[in-house]
Structure formats: C-alpha cells, structure tokens
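Some notes on the structure that comes next.
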Amino acid sequence: MAATLFQRNFRVYEAADGSTPFTAGVEFQGGQVLLVHRPTQRGLHFYQAGAAIAQLAQSDVEELLCEDRFVARGDVYGCLGLLSIPTEDERWIKTLAVVKECKSHGRLLQQEIYHISAIELYFVGPMYSAIAMSHSRLIKKRLSNCHTLYHAQLFASGSFFFSMELSKSGDVRTLEEQDQEETIMSWRFDLTSRIQLTLLNKQTDVDGDLEHDERFWWSRVMWNEVQKHGINCMAWLIPVTRGSVELRTIYVGASQAKAALISRLSCQRAGTRFNARGVDDDGNAANFVETEQLIVLDESVVSYVITRGSVPIFWEQQLQSVGHQKPQLTREFEATKPAFDKHMEQLTQTYGEQTLISLLGYKSGERLLQENYRRHALASMFVEQLHHIDIGAICRSGDKIEKFSPALDEFETTILEHGFLHAINAKVERVQEGSFRINCLDCLDRSNVCQSAIGLKVLSDQLATLNSRHFLVETKLQLFTRVFKEMWQRNGDNLARCVTGSGALRGGMKTSILKDVQRSITRTLRGNFFDRHRQAAIDIVLGTYVEDTSEQYVIPDATLRDKLETALAKEQHTFTTDRPIQIVVGTWNVNAQKPMSLSTNPLTSSLYDWLHTGLKEDEHPDLFVIGLQEMIDLKAKNMLARSSAIAIEWAQRILQTIGREKYFFVLKQQLVGVCMFVFARTDHKRSLRDVRTHSVKTGAGGKMGNKGGVAMSFRFHSTPICFICAHLAAGKSNLEERNQDYHDITTKINFGKGRKLDNHELIVWLGDFNYRIEGSKDLIRAISSEGKHLSLLCKDQLSISRADHIIFHDFEEAPISFPPTYKYDVNSDNFDTSEKQRAPAWTDRILYRGRHTSCVHYTSIGSLKMSDHRPVTCVLKSKVVEVDKKIESKIREDIMKELRRQLASVLIICPTVLLRPADLEEVLKEYGRLVMIDGVRNTSAMLATFEASEVAKKVAKLHGKEILGEKVYVYSVDGEETITDLIKQHYKRTLAGDDLFSQEDERIIDDDFEHDSSDEGRESNDQPIDHSEDTNDLTDIRDVSNVQQVVQFSSRKEISSIDSDDSDKLWMSKSADSSRSSQQDITTSGHNHSQLHVVNPPPHRPVRPPPPSQSSSKRSSAVDEVNDLHQIQLSSNQLSSAVSTSSLQDEELDLQKPVSQKRPIRPPLPASISAKKTETEHSISAASVNARRCSSTDCANLDEQSHAIRPVAPPRRRQQQQ
C-alpha cells in the first residue's frame, strides 16, 4: 500500500563535468545538483558551491536537461535539505540530503507516517571559510570520510519519521496540491507537535500556516539552509522528527479506532548515552522525550502527554567500564540554579503543572544526583515537590509494569487533576493541564516502566470518555489495554536504540538475562568505540558541531555579508553595553599541605592576605580565579586516584575567606595535583554561561597527570574568557621540555563544539611554570640574599623565551617587583638550605592577553609560609560586552530585510501599458518566493522584491522579453536610491536611440552579475529634491534631435501615468500651454494641427490605484524625483509640432524591418540641403533650429552635430482617440 501512495517522485541529477580544483585565492564553483519533481517537471537547482539555489519552471528544467550538462543519478522519495559536513582537514562540504528508502507505519489523522530507511548525500560544494581557502587539493564529488558513513547509519536506524498529507482520494498530495493550499481536512496534524498544541493554535489562527515544534524538528537546520534562498520549503522538503511511532488499528463495530504512541526526542540537547547529560544554560535537558498516547475513533480524539529527561543539573559521566561510570557534578549549586529554574519554567509554560518523579537509586553516584536534584527542587518556585521511588526495590523480576502500578496509587488524584485532551470534530472539549516528568540515570529502561504504568492508568479514563459516545464493550477495553502495553514496551526498545544503539534492559520486548548481558556488552562497545562518531553525526545534523552556527546567519552572498557587518557595527551601540570588571587571579604551589591550618580571619596571617591584597575595603571583584599545584602528594597511587575531597576542602575555605554572602562557587577542575577554582559575585549568577573545562596531561610523555594543565572556558555576559592553570616540567636544565609542555597544552586544549583557545577574547595563564634563572647557583643565592633580586630578571628563562617569541606570544606580564617565589624552607624566609640548595627563581607567574585588560596589582605574599613556594596574586581590570539578544536579533532582522530588499529587487518597466500587480505576481512567483510588488507612482514601472538575490538574478533574465504579452525591461536594483537613476537612464537611452541590449548592460542579463550598492556620491533621499539637477540631467532629452522620441514618451505618459489631483492639474496646464504654442507655430507655417499626430497612442486602460505601499520613505523620495522628471519631459510637447508627417511615416516603415536590415540612422540635414526643400519643410527645419538653440547651449553649431534621429516603433495595440 505504501508503494502506491508515496512514490519516488523526485529525480536527482548531478553535473556531468568533473570536480573543480579548489586552489587558494580562486573561488570554488562547486558541484551542481538538480532536483526535479517528476510529475510537474519543476526543479531546484543547487549551484555556486551551494551558495545559490534557484527554483526552476518546467521550461527551465527542460532547457538544462537538453544541454546534456546533467546526469541522472536516481529517483528518491523526497529531500531533507542541505547538510554541511566537515572533512578530516576541517573543511566544510555542502551536500544535498535526500530520502532514498522509506517504509510506511500506517495512517493517522489523514496523514501517512513513514520512517526513513536510507538516505543519500550528493555533493554540492564547500562552505567558504579561511580554513577552506588554505587548501589546494581536489575536492571529490563522492564523500567517503567517516562523517558520511555515520550519517548514513544514523538515518538508517529507523528512528527518523515524517508524515505526508493525504488528498481526498486517499493518496499522498502532489506538489501542485501543496502549492494550491487547498483545505482537505478540518485541521492538519503535524508529527512534530502534540495534538493539543496543534488544535489550540488552529483556534487562535485559523488561516495560519502549520508551525513545527522546533524542539522536535530534527531537520530544521537543513530546512533553513534552503529556505533562506527564498524557496517554498513546504512544497519541496520533508520535516523530520526522531523518536518512536507505534500505530495499531482496532475495530470497534463498523468503525476503525487508531491507537498510537508517539515519542518525540528533543533535538535541543540530543546525544548518545555518555556524551549528553544534565542541562545546558538555556534550560534544555539532555535526551528529553515527549510521549503522546492517543486514540482516534471517528470524530473523537483523546490524547495524553508525559515527558522524561535527564536530571536537570550540570553533571557528567565518564565512560570507563561496565558498572564504573560514576556521575560527577560539573557546576556547583548556585551556578546551576538559574538553568534548573529555566528548565522548570519552560515545562510549566508548555505542559502546565509539573509532577516530578525520580527513579534514581541509592548508589554513591546516583545518590549524589538525587540529593542535588531534591535540593534544587525545594529551592525552585516552579516545583512543589519531588517524589522519589526506588524502582529497583519494587520491580526485581516478573512483569515490572504490574508490580510498579501499586506505587502510583498515591498519584490518582494528581492524574485526575492533570486530565487529558478530548476533541470532537477539531473542537476542544477539555485540555490536559499538567504532566508527569520522569527521570532515572539514563532515562531509558526504568523511566519507560514508570511511564507505561502511568499511561495505562490514564488509558482507563480515556476509554471511559470514548465509551460515553461509542459504547465500547468490555472485551474492547481489554484489547486496548493489551495493545497499549505492547506498544509501551516497544517504545522503550526504540528510544533505547536512539541513545545507546541497543534495546531496553529488563522490561523490553522478549528480554532475558542472557539478552540483557548481550545488550550491556553492546552498549559498552558502542560507548567506547562508536559513540564519539555518532555524537558528531548528531551534532552536524543539528548544527551544533561548531557552536554558535545553528542560529547564526549563514550568508552566501559576500556583498550582503559585508553590508550586514557594516550595518551592525553602526548600530552596535544600541544593543551592546561595555561593563568594566575586576578579576583577582591567584596561584600557589601548596606542596601537598592541607587547608585546615590556614586561618580565614582577616586580622591574622591567613588566606585573607593572599586573596584581598591590592583591593580596597569597599572593592568587591567580579571574579576570583585560584589555581593550586601539588594539592596532593604526587605519589603513584595518588596519580591514579580521582579523589576530590581535598579540593572540596580548599574550595570551602576559599569561599569562607572571600565571603559566602557575596560570592558563589562556580566550578572546579582538577588534574591530579593541579586544581583551579572559579568564584563569582552573586549578582553574576545569570551572567556566566557555557562553562566548559578541559585538561591536558604532559607528564611521562603525556600519559601521566603529575604535570600538565587544566583549562576553564565560559562566557561572561557575551565575552568568552579562558583561564589555564599549569604545572610544567621541573629542573633548571629542562627548558625545552617546559616550552614543549606549554605548546602541548596550547594545541591540545579543546572545549568541544569548535571552541579552542584562540576563540577567547581574554586568556589568563597562571601556575607553577618552573622557569628558572640562568647562571651560577651560588651567585644567584648570594644576590637574592642581599635583596638585589631584580637584577636577576635579565636571566629569567621565561623572559628570555618570551623575548625570542618561543612561548606566550602576544601575552603580557606586569613588571615583577617581588622576590623570587621559589624555593624556601617551610615556615621560614630562608631560601632552600637542604642538601640540594636549589637556586631561587620566579617559578609562579601570571600572564594575560586581552583587549582593554591591564594589571593594577602584581605581587607575592610572604606571610604564607606553609609551603616551599610563595603565593602570587594579580588584580586585573578589563571590559566585557553585554549584548541584548532581543534587540540585536530585531536589528539584525531589520537590516537583513532591508539589505535583501536592496539586493533582491528588480525594476520592471513596461513602456506600453501598466501591468497589474496581481497578474505580474502570478508570473514572478514561479521563480521564487515574492515578498512584495510596489508600483512606482506616475510611471509604468513596477518594483518586485524577492527574499533571495538568486531569484532576482533569475528574473533579470526576462530583460527584453515579453510578460503577459507585453515587452518589458528588467533592471537590478542595488539600493533604494537607484530607482530614480534606473528610470532616468532607461528613458534617456530610449530617447537617445541607444540599444537597450548594448555591452554596457550585459550585467542585466548575466547570471552571475554582482551589484555595487555603494551610496557614495549620491544625494540622500531624505534631503529636499533639487529640481534644477533634474533639468540639467535632461539636457539631451530636450534636444530637438530627439523630438520624435519626446513626443512618443509624452503620449505614453499622458495615458499611463498615475497622478494625484494636483499632478493632474499641473499636467493639464502644461499640456494646454504646449497646445497653444503648437497652434501658433502651425499657423505661422501654414499647416493644420490635425495633421501632426506623430504616433498612435496606446489604448487607455482603466488604471486601478496601486496597492498600499510597503516601501520605505527613501523609495517615496525616489519616486517623487521621477515625477519631476516626467513633468519636465511633458513640457517638451511643444516641440512635437515641428515634425513632418511624411518623414515620420518613412521612419515607421523602416523600424518594422529586422535590425540587420534597417537603414543607417541619418544625421541632421545640413543647412545647404535643407534650403533646397519646399517652403513648408524649410519652415519646419527653421523651427527645429530655433528649438534646438533654446534647449541646449552645447548645440550652437548645428553643422557639427551628429545626433541620430532613431525611428519610433508604432504602438502594439490599436489606436484610441485622445
């Protein structure tokens, strides 16, 4: 049945020519792909390396295919959009993703639901980037890297679904039917959205388009890559969601009931088992799933929604081996609270009142999550209570759903209060007002058992509601229960495969102990060897492989991109605010000493001396960043252990010193003995975002963590900041090893999602770098003992290496004015008196790099003597940028609209008749999405604006061709100011007799022309218009050598101009003056005025007023200037009486010949020849001379003029009496 409903109606063609070499400095043209809809022969043309997409009509497709430029590659079911894939050398390749195989799951609400079995990727071209421009190898059309392989496997998993709307005949709607937007059913079902949301949106916006729920719309990025080119994606692309769909048909008498269980996996924080945990700063929980249990019986629909998701706090789980994945918190309580509240607020706004049920166990790792989860729930205003159920103790064997059901008896009242959706004939009778949120560790097996039990309890209420209208018998009620129980079990298997690659454990379909062991081994193998690539494939599909690219504007047009950046820079002050910040950075090698011996009392020698030095009493820095080295004894057993107890003690002691009421603990990152802590002022809880950490081992060739560095990255407001705490190789002679350690840490730091060290605006290094002083040990000790240590700075290894540009390039260090920080006897001011007697050195340092950053205090603390190192403090002042995202988005959107209007607009001039906007729209919409059509007042010109410049380029090819039976001239519009210039130039060239298709206008019909919309030298349309400039510009128009053209233009304007009342009076007065002047000339020459009809005017059509203009004030100013141009041209009607009838008839006959057979254009007659003419002709010639002398001072000598008189074509339409 599926094969007859949904066929391979699309055919993919690829360019027949080979790959194009991509060399540095040469723009890559990329591959070309043509997607053709076979029933209608319409197509999408992907070219210019994916930077341009054109919607082609049937004739254009046939033209391309006749040229043998494309080769058919195969027939496919549909298209997903453009997918950008990175290569191993960090280039980006654009591919067209199409559905090669799919299978039907059945019908639901006039929708046929399919799951994707296989996709195919067709090469289009690379994305433009600095990385891509640095390569010169050939790009292959067929991609074979690991990313394409895992993308194919990802979509072949059977977890991606889409639906196709059925027509009245029961078949899948064709492309023509989708374009016609005909209403087939009373309401339309969207697979990405729950039914309640769809029905409520329909009630508020009856005629609105179907909107997809972006939380579950997995193909959104691929869709947007096509839509931004002005393509109607609803007619060409397939919206895809991921999860599980189970459908069953149950016969109830003569009716068919559809039982469905639809689980939608969120795409906002999706990933594999150990790569996506917790919550992000936007409140999106990892692997969040919305499950909808619904029944459709005749006109009745009942639906119930329940959700599951990861514990919504910041945590991670490192993959080691089976049973040893201990969860760890990655952000402390105060830093987590904003994200937790945001998640709960979103759930409440979306689903109503929330009832939280946690199924976490009592193991050490899960207990840590449960305690923090409960703590956040109690502190949140959006949660009343968190319920905890030990499902492991309840369901040890047997039917887990039956055993778990009694545990839900306490929620009977809650289930009734939440309710469910009931709709009849699209009319909502009742709505669901609350939902359960379930979680366990992985949100898979245990969560599915709990959701199944709740769903079956709600099912009885749903069936009772249907029974009141359809009288279900008891056997049917039992059948519904059995079917839904089976579907819930399959739902658990399907969701488990999405996350882990294997089915559910203990509770899935046909499970056993042996099967569970097999699946556990499969999960472990996939987690260790394949999940990294699967996660990369998911991130690429969702546009999160490199951060900040899923939502940013990807603009293929270089001109448009530059203009956007320039316009944003001018408006930056409206949405950005510079905020000064103060950061206290401290580093200390504590030599494995415990923090308990340190006092927090500011009146004694304590941590207070270290952390508050250089600060005034009323100063409260924004951040405290503290780095410790050798926090634990660097023994073999300690280097293998992962204990963080000592780090927690240090964090509590530091927080107590700086003030718990003023600061909160953000995060710590530890690598054996190296640990870094970040504390922030309490008013910055919502200012720190995207906190990420990374560590690099450099000990024992990168295998051990006794040496290395830890890095922490975050955004402070909108400014990315990075801190690196390092402990480099020791030993005076190991200078090269230290430099190598620095480079290893610098190159290996990777925070994921494309964020590396150089992506930060402020970078601070701190730690025990172990750089020593060159020279004799005894001499160094002697000089240091005498207090002349500053003279040793010239021998400092770090300073020498920096001067040689080996390390810390572009970093700054404040001048050192303190004694060496290494090495002292413990609890003494004496330098090392041990057997080795190590030379003093400044091993503990702090360096920084960033704009607007300076050091106000840099010193060591001699009062803390518990270690052989002295702590160092640096107080930095800098600036961060706070961006108002809402204002920025609005300004960016406004700028984009204006720029796209400028670069995607064409001016269409029809000299003979005023085209109706409605008729013109029917023609132009075939080329792409049309935004608006504006009529240029008092002219027959129309301004058509498209969403994409590629569409405008396609329409520009209509220059000189016919639209609706009329010849038109199409000009690209660079900006609003050029409308006047284009109309002037068009009529100047027409009146001067120039060829409208000369080489000068090749840009009009060139497919790859570019616009220069520079406004330099132009007069602003906001200023008053100086009509004297228009008069000067029209000197050649008023030249008598162009009399015939002037007369024709005046006649046309008399017919087709759209004037206001005042303009009509002005025109009539000028026409009257022109007529009186003509009568006087005719009387003098002895001719009748009625014989001087030089052209037949076009028929006068009733002209309807133009539609309400959506253009800007600039466009109105430009049109006003055109009006003045026409008034000046109309004043030249008095010259028309000087043209003879016989001469005009000869010229008209000559115009009807082909261009190649036309007679040469004759120059003006010399005075000697004109004297031999008749007296009448002589009078006309004299009148022409007088008119020419009056019109232009540049034409004093008539014999030297070579102006051509070009014949005027007779009008195409029948004459009409004026």
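Labels for the structure tokens follow display order: chains A, B, ..., residues from 1 in each chain, ligands from 1.
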Problem - Within 7 Å of Phe420 in chain A using only C-alpha atoms, minus same-chain residues under 6 positions, as a PyMOL selection string - result: chain A and resi 303-304+431-432
Can I get the selected residues back with all heavy atoms, as an mmCIF file, in the first residue's frame?
data_model
loop_
_atom_site.group_PDB
_atom_site.id
_atom_site.type_symbol
_atom_site.label_atom_id
_atom_site.label_comp_id
_atom_site.auth_asym_id
_atom_site.auth_seq_id
_atom_site.Cartn_x
_atom_site.Cartn_y
_atom_site.Cartn_z
ATOM 1 N N SER A 303 -6.015 12.375 23.902
ATOM 2 C CA SER A 303 -4.553 12.405 23.890
ATOM 3 C C SER A 303 -4.044 12.720 25.287
ATOM 4 O O SER A 303 -4.615 13.551 26.006
ATOM 5 C CB SER A 303 -4.057 13.467 22.896
ATOM 6 O OG SER A 303 -2.687 13.726 23.072
ATOM 7 N N TYR A 304 -2.937 12.037 25.657
ATOM 8 C CA TYR A 304 -2.292 12.278 26.948
ATOM 9 C C TYR A 304 -0.790 12.335 26.726
ATOM 10 O O TYR A 304 -0.220 11.506 26.001
ATOM 11 C CB TYR A 304 -2.633 11.176 27.947
ATOM 12 C CG TYR A 304 -1.966 11.358 29.300
ATOM 13 C CD1 TYR A 304 -2.440 12.305 30.197
ATOM 14 C CD2 TYR A 304 -0.858 10.600 29.656
ATOM 15 C CE1 TYR A 304 -1.829 12.486 31.427
ATOM 16 C CE2 TYR A 304 -0.241 10.765 30.881
ATOM 17 C CZ TYR A 304 -0.730 11.710 31.773
ATOM 18 O OH TYR A 304 -0.114 11.892 32.985
ATOM 19 N N VAL A 431 -8.835 20.005 27.986
ATOM 20 C CA VAL A 431 -7.401 20.037 27.717
ATOM 21 C C VAL A 431 -6.646 19.398 28.879
ATOM 22 O O VAL A 431 -7.164 19.291 29.999
ATOM 23 C CB VAL A 431 -6.896 21.484 27.501
ATOM 24 C CG1 VAL A 431 -7.534 22.105 26.277
ATOM 25 C CG2 VAL A 431 -7.135 22.330 28.735
ATOM 26 N N GLN A 432 -5.422 18.997 28.586
ATOM 27 C CA GLN A 432 -4.546 18.487 29.633
ATOM 28 C C GLN A 432 -3.878 19.669 30.320
ATOM 29 O O GLN A 432 -3.271 20.516 29.671
ATOM 30 C CB GLN A 432 -3.499 17.542 29.040
ATOM 31 C CG GLN A 432 -2.585 16.915 30.071
ATOM 32 C CD GLN A 432 -1.629 15.906 29.458
ATOM 33 O OE1 GLN A 432 -1.828 15.449 28.335
ATOM 34 N NE2 GLN A 432 -0.589 15.553 30.193
#
Between CA of Glu366 in chain A and CA of Pro327 in chain A, what distance in Å does the model show, to one decimal?
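Going from CA of Glu366 in chain A over to CA of Pro327 in chain A, I get 7.0 Å.
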Fill in: Nearest candidate to His533 in chain A (options A:Phe46, A:Tyr373, A:Tyr545, A:Phe808; using only C-alpha atoms)
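Using only C-alpha atoms, His533 in chain A sits closest to A:Tyr545.
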Running DSSP on the backbone, which parts of range 282-515 of chain A land in helix (DSSP H, G or I), as a ChimeraX atom specification?
/A:333-351,364-379,391-394,400-418,445-470,474-499,513-515
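Between CA of Gly752 in chain A and CA of Asn275 in chain A there is a distance of 11.1 Å.
Note that CA of Tyr77 in chain A and CA of Glu101 in chain A are 7.1 Å apart.
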